[in-house]
Structures are given as structure tokens and as C-alpha cells.
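Down below is the structure, laid out as C-alpha cells.
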Amino acid sequence: GVDVFVAIRPEDIVLNPGPDNGHEQNVLKASVETLLFVGDRCEVRLELEGGERVLSYVSGRQKLTEGQQVRVKFPEEVISLWPASEKPS
């Protein structure tokens, strides 16, 4: 295998507070660290299982709370990959 950087736009990350069905690809468990309501959306800071942190934008109508456990889906059609030897700009 080759080491890569994975990039995705915050608005393309899908958050699901429901139970894991065990059949989804590109899904990680995370906890909601902070929520910031900005107009019609909410900026959500997440801590993934491995300790990495990511930022997601969701609808302001999505019901989330700080400390909540969620599943984080990274749809493959919106992921960008770069070789680890080249840092993305």
C-alpha cells in the first residue's frame, strides 16, 4: 500500500447519529466536540476514534449535542487523495 493524504470538504461529510448497520463503507465513529451555529448551518468539530479531529458543516436543523456519538461517512465520490510525499495545499 501507499501512504496518502485524504481530503474532503466539510459540507460533504455526512453525520448520522443512528445505530451502525455494519454495511456502510468509509464510515468512522466519532464524538461531537463542539457545535457553532452560523446562519442556516452548524459547524461541528468532531473527534474520530483514533483521536484525529475533523470539521463538518451540517444543516442547522440537524439535532446534535456536544458529546454525542455519531457515525461519520466520507462519500467516496467527493474524497480527494494525494501521495503522502506531497502535502496538499
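Numbering starts fresh at 1 for the residues of each chain in the C-alpha cells, the chains themselves are lettered A, B, ... in the order given, and ligands are numbered from 1 as they appear.
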Next on the checklist: List the spatial neighbours of A:Ile79 as a list in words - criterion: any atom at most 7 Å away, only C-alpha atoms, same-chain residues fewer than 2 positions off excluded.
Outcome noted: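 Result of the neighbour search: Val6, Ala7, Ile8, Pro75, Glu76, Glu77 and Leu81 of chain A.
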Next on the checklist: Taking the DSSP secondary structure from the backbone, can you list the residues of chain A that are helix (DSSP H, G or I), as a list of chain:residue names?
Outcome noted: A:Pro10, A:Glu11, A:Asp12, A:Glu76, A:Glu77, A:Val78
Could you pull the residues within 10 Å of stretch 39-47 of chain A, counting only C-alpha atoms, minus those fewer than 3 positions along the same chain, as a short mmCIF file (atom, residue, chain, number, x, y, z; two decimals) with all heavy atoms, in the first residue's frame?
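Result file follows (result-v7.cif):
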data_model
loop_
_atom_site.label_atom_id
_atom_site.label_comp_id
_atom_site.auth_asym_id
_atom_site.auth_seq_id
_atom_site.Cartn_x
_atom_site.Cartn_y
_atom_site.Cartn_z
N PRO A 10 -15.80 20.10 4.19
CA PRO A 10 -16.62 19.91 5.40
C PRO A 10 -18.11 19.69 5.11
O PRO A 10 -18.76 18.93 5.81
CB PRO A 10 -16.41 21.20 6.20
CG PRO A 10 -15.11 21.74 5.71
CD PRO A 10 -15.00 21.34 4.27
N GLU A 11 -18.62 20.34 4.09
CA GLU A 11 -20.05 20.19 3.78
C GLU A 11 -20.38 18.85 3.13
O GLU A 11 -21.55 18.48 3.02
CB GLU A 11 -20.55 21.34 2.89
CG GLU A 11 -19.89 21.45 1.56
CD GLU A 11 -18.64 22.33 1.54
OE1 GLU A 11 -18.05 22.60 2.61
OE2 GLU A 11 -18.26 22.74 0.43
N LEU A 15 -23.08 13.13 8.68
CA LEU A 15 -23.15 12.69 10.07
C LEU A 15 -24.46 11.94 10.29
O LEU A 15 -25.52 12.38 9.87
CB LEU A 15 -23.09 13.88 11.02
CG LEU A 15 -21.88 14.78 10.91
CD1 LEU A 15 -21.92 15.84 11.98
CD2 LEU A 15 -20.60 13.98 10.98
N LYS A 29 -16.49 6.08 13.55
CA LYS A 29 -17.19 6.56 14.73
C LYS A 29 -16.50 7.81 15.23
O LYS A 29 -15.29 7.95 15.13
CB LYS A 29 -17.19 5.49 15.82
CG LYS A 29 -18.01 4.28 15.46
CD LYS A 29 -17.93 3.25 16.57
CE LYS A 29 -18.67 1.98 16.16
NZ LYS A 29 -18.52 0.93 17.18
N ALA A 30 -17.31 8.73 15.78
CA ALA A 30 -16.75 9.99 16.30
C ALA A 30 -17.65 10.51 17.41
O ALA A 30 -18.79 10.08 17.57
CB ALA A 30 -16.65 11.03 15.18
N SER A 31 -17.10 11.47 18.15
CA SER A 31 -17.92 12.19 19.12
C SER A 31 -17.92 13.67 18.75
O SER A 31 -16.94 14.20 18.24
CB SER A 31 -17.38 11.98 20.54
OG SER A 31 -16.08 12.49 20.66
N VAL A 32 -19.04 14.31 19.01
CA VAL A 32 -19.20 15.74 18.74
C VAL A 32 -18.50 16.50 19.85
O VAL A 32 -18.85 16.37 21.02
CB VAL A 32 -20.70 16.12 18.67
CG1 VAL A 32 -20.86 17.62 18.49
CG2 VAL A 32 -21.40 15.35 17.56
N GLU A 33 -17.48 17.29 19.47
CA GLU A 33 -16.76 18.09 20.46
C GLU A 33 -17.46 19.42 20.70
O GLU A 33 -17.73 19.79 21.82
CB GLU A 33 -15.33 18.36 20.00
CG GLU A 33 -14.41 17.19 20.15
CD GLU A 33 -12.97 17.59 19.94
OE1 GLU A 33 -12.68 18.43 19.05
OE2 GLU A 33 -12.11 17.07 20.66
N THR A 34 -17.68 20.16 19.60
CA THR A 34 -18.31 21.47 19.73
C THR A 34 -19.27 21.71 18.57
O THR A 34 -19.11 21.15 17.48
CB THR A 34 -17.28 22.62 19.75
OG1 THR A 34 -16.52 22.59 18.54
CG2 THR A 34 -16.36 22.53 20.94
N LEU A 35 -20.25 22.57 18.82
CA LEU A 35 -21.22 22.99 17.80
C LEU A 35 -21.23 24.50 17.76
O LEU A 35 -21.23 25.16 18.80
CB LEU A 35 -22.63 22.51 18.18
CG LEU A 35 -22.83 21.00 18.31
CD1 LEU A 35 -24.16 20.72 19.01
CD2 LEU A 35 -22.82 20.37 16.93
N LEU A 36 -21.23 25.07 16.56
CA LEU A 36 -21.32 26.52 16.41
C LEU A 36 -22.35 26.80 15.33
O LEU A 36 -22.17 26.43 14.17
CB LEU A 36 -19.97 27.11 16.01
CG LEU A 36 -19.95 28.61 15.73
CD1 LEU A 36 -20.32 29.40 16.99
CD2 LEU A 36 -18.60 29.04 15.20
N GLY A 50 -9.72 7.41 16.38
CA GLY A 50 -8.26 7.41 16.51
C GLY A 50 -7.68 8.68 17.08
O GLY A 50 -6.46 8.81 17.19
N GLY A 51 -8.52 9.66 17.43
CA GLY A 51 -8.05 10.91 18.01
C GLY A 51 -7.93 12.04 17.01
O GLY A 51 -7.71 13.19 17.41
N GLU A 52 -8.04 11.75 15.70
CA GLU A 52 -7.99 12.81 14.71
C GLU A 52 -9.23 13.70 14.84
O GLU A 52 -10.28 13.24 15.27
CB GLU A 52 -7.94 12.25 13.28
CG GLU A 52 -6.72 11.41 12.98
CD GLU A 52 -6.92 9.94 13.33
OE1 GLU A 52 -7.98 9.59 13.87
OE2 GLU A 52 -5.99 9.17 13.09
N ARG A 53 -9.07 14.95 14.47
CA ARG A 53 -10.20 15.89 14.53
C ARG A 53 -10.55 16.37 13.13
O ARG A 53 -9.66 16.60 12.32
CB ARG A 53 -9.84 17.06 15.43
CG ARG A 53 -9.78 16.64 16.88
CD ARG A 53 -9.53 17.82 17.80
NE ARG A 53 -9.75 17.45 19.18
CZ ARG A 53 -8.87 16.81 19.94
NH1 ARG A 53 -7.70 16.46 19.44
NH2 ARG A 53 -9.15 16.53 21.19
N VAL A 54 -11.86 16.49 12.88
CA VAL A 54 -12.34 16.99 11.60
C VAL A 54 -13.45 17.99 11.84
O VAL A 54 -14.08 18.01 12.90
CB VAL A 54 -12.85 15.85 10.67
CG1 VAL A 54 -11.74 14.90 10.30
CG2 VAL A 54 -14.00 15.10 11.31
N LEU A 55 -13.68 18.82 10.84
CA LEU A 55 -14.74 19.83 10.86
C LEU A 55 -15.78 19.44 9.82
O LEU A 55 -15.44 19.08 8.70
CB LEU A 55 -14.17 21.21 10.53
CG LEU A 55 -15.16 22.35 10.40
CD1 LEU A 55 -15.80 22.67 11.75
CD2 LEU A 55 -14.48 23.57 9.82
N SER A 56 -17.04 19.52 10.20
CA SER A 56 -18.14 19.22 9.28
C SER A 56 -19.14 20.36 9.35
O SER A 56 -19.29 21.01 10.39
CB SER A 56 -18.82 17.92 9.69
OG SER A 56 -19.93 17.65 8.88
N TYR A 57 -19.81 20.63 8.23
CA TYR A 57 -20.92 21.58 8.19
C TYR A 57 -22.19 20.78 7.96
O TYR A 57 -22.25 19.97 7.04
CB TYR A 57 -20.77 22.58 7.05
CG TYR A 57 -19.53 23.43 7.07
CD1 TYR A 57 -19.02 23.95 5.91
CD2 TYR A 57 -18.86 23.74 8.26
CE1 TYR A 57 -17.88 24.74 5.89
CE2 TYR A 57 -17.73 24.53 8.26
CZ TYR A 57 -17.25 25.03 7.07
OH TYR A 57 -16.12 25.81 7.06
N VAL A 58 -23.20 21.01 8.79
CA VAL A 58 -24.49 20.34 8.63
C VAL A 58 -25.60 21.37 8.69
O VAL A 58 -25.38 22.51 9.13
CB VAL A 58 -24.71 19.25 9.71
CG1 VAL A 58 -23.65 18.17 9.62
CG2 VAL A 58 -24.76 19.83 11.11
N SER A 59 -26.78 20.97 8.30
CA SER A 59 -27.95 21.83 8.39
C SER A 59 -28.17 22.23 9.85
O SER A 59 -28.00 21.41 10.76
CB SER A 59 -29.18 21.09 7.86
OG SER A 59 -30.36 21.76 8.26
N GLY A 60 -28.57 23.46 10.06
CA GLY A 60 -28.88 23.92 11.41
C GLY A 60 -30.06 23.19 12.01
O GLY A 60 -30.30 23.24 13.21
N ARG A 61 -30.80 22.46 11.18
CA ARG A 61 -31.96 21.69 11.65
C ARG A 61 -31.57 20.31 12.17
O ARG A 61 -32.37 19.65 12.81
CB ARG A 61 -32.97 21.53 10.52
CG ARG A 61 -33.55 22.83 10.04
CD ARG A 61 -34.52 22.60 8.89
NE ARG A 61 -34.93 23.83 8.29
CZ ARG A 61 -36.01 24.52 8.64
NH1 ARG A 61 -36.77 24.06 9.60
NH2 ARG A 61 -36.31 25.64 8.04
N GLN A 62 -30.35 19.85 11.87
CA GLN A 62 -29.93 18.53 12.34
C GLN A 62 -29.74 18.57 13.85
O GLN A 62 -29.08 19.46 14.38
CB GLN A 62 -28.65 18.07 11.65
CG GLN A 62 -28.32 16.64 11.96
CD GLN A 62 -27.28 16.04 11.03
OE1 GLN A 62 -26.90 16.64 10.04
NE2 GLN A 62 -26.82 14.85 11.36
N LEU A 64 -28.09 17.67 16.98
CA LEU A 64 -26.85 17.14 17.53
C LEU A 64 -26.58 17.82 18.87
O LEU A 64 -27.00 18.96 19.08
CB LEU A 64 -25.68 17.40 16.59
CG LEU A 64 -25.70 16.71 15.23
CD1 LEU A 64 -24.59 17.26 14.35
CD2 LEU A 64 -25.57 15.21 15.38
N THR A 65 -25.85 17.13 19.75
CA THR A 65 -25.46 17.72 21.02
C THR A 65 -23.98 17.42 21.26
O THR A 65 -23.44 16.42 20.78
CB THR A 65 -26.27 17.14 22.20
OG1 THR A 65 -26.11 15.73 22.24
CG2 THR A 65 -27.75 17.48 22.06
N GLU A 66 -23.31 18.30 22.00
CA GLU A 66 -21.91 18.09 22.34
C GLU A 66 -21.78 16.80 23.16
O GLU A 66 -22.61 16.52 24.02
CB GLU A 66 -21.35 19.29 23.09
CG GLU A 66 -21.23 20.51 22.18
CD GLU A 66 -20.68 21.73 22.87
OE1 GLU A 66 -20.36 21.67 24.08
OE2 GLU A 66 -20.56 22.77 22.19
N GLY A 67 -20.78 15.99 22.83
CA GLY A 67 -20.57 14.72 23.49
C GLY A 67 -21.29 13.56 22.83
O GLY A 67 -21.04 12.40 23.15
N GLN A 68 -22.19 13.85 21.91
CA GLN A 68 -22.95 12.80 21.23
C GLN A 68 -22.06 11.94 20.35
O GLN A 68 -21.14 12.44 19.71
CB GLN A 68 -24.05 13.45 20.38
CG GLN A 68 -24.94 12.47 19.67
CD GLN A 68 -26.06 13.18 18.90
OE1 GLN A 68 -26.16 14.40 18.91
NE2 GLN A 68 -26.88 12.40 18.23
N GLN A 69 -22.32 10.65 20.32
CA GLN A 69 -21.61 9.73 19.44
C GLN A 69 -22.34 9.68 18.09
O GLN A 69 -23.57 9.59 18.05
CB GLN A 69 -21.57 8.33 20.06
CG GLN A 69 -20.84 8.27 21.38
CD GLN A 69 -19.39 8.68 21.26
OE1 GLN A 69 -18.65 8.11 20.48
NE2 GLN A 69 -18.99 9.69 22.01
N VAL A 70 -21.57 9.78 17.01
CA VAL A 70 -22.14 9.76 15.67
C VAL A 70 -21.28 8.88 14.77
O VAL A 70 -20.15 8.55 15.10
CB VAL A 70 -22.24 11.18 15.05
CG1 VAL A 70 -23.21 12.05 15.82
CG2 VAL A 70 -20.87 11.84 14.97
N VAL A 72 -19.57 8.94 11.04
CA VAL A 72 -19.13 9.94 10.08
C VAL A 72 -18.86 9.23 8.76
O VAL A 72 -18.00 8.36 8.69
CB VAL A 72 -17.85 10.65 10.58
CG1 VAL A 72 -17.41 11.72 9.60
CG2 VAL A 72 -18.08 11.23 11.96
#
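Across the structure, atom CA of A:Glu49 and atom CA of A:Leu28 are spaced 7.2 Å apart.
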Next on the checklist: One decimal, in Å: what's the spacing between atom CA of A:Pro83 and atom CA of A:Asn16?
Outcome noted: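 One can read the atom CA of A:Pro83 to atom CA of A:Asn16 distance as 29.3 Å.
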Item to check | Atomic distance atom CA of A:Asp3 - atom CA of A:Ser85, expressed in Å with one decimal | outcome: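 Result for atom CA of A:Asp3 versus atom CA of A:Ser85: 8.2 Å, one decimal.
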Checklist entry - Among chain A, which ones does DSSP place in strand (DSSP E), written as a ChimeraX atom specification? => result /A:4-7,14-16,27-38,41-48,53-59,69-73,80-83
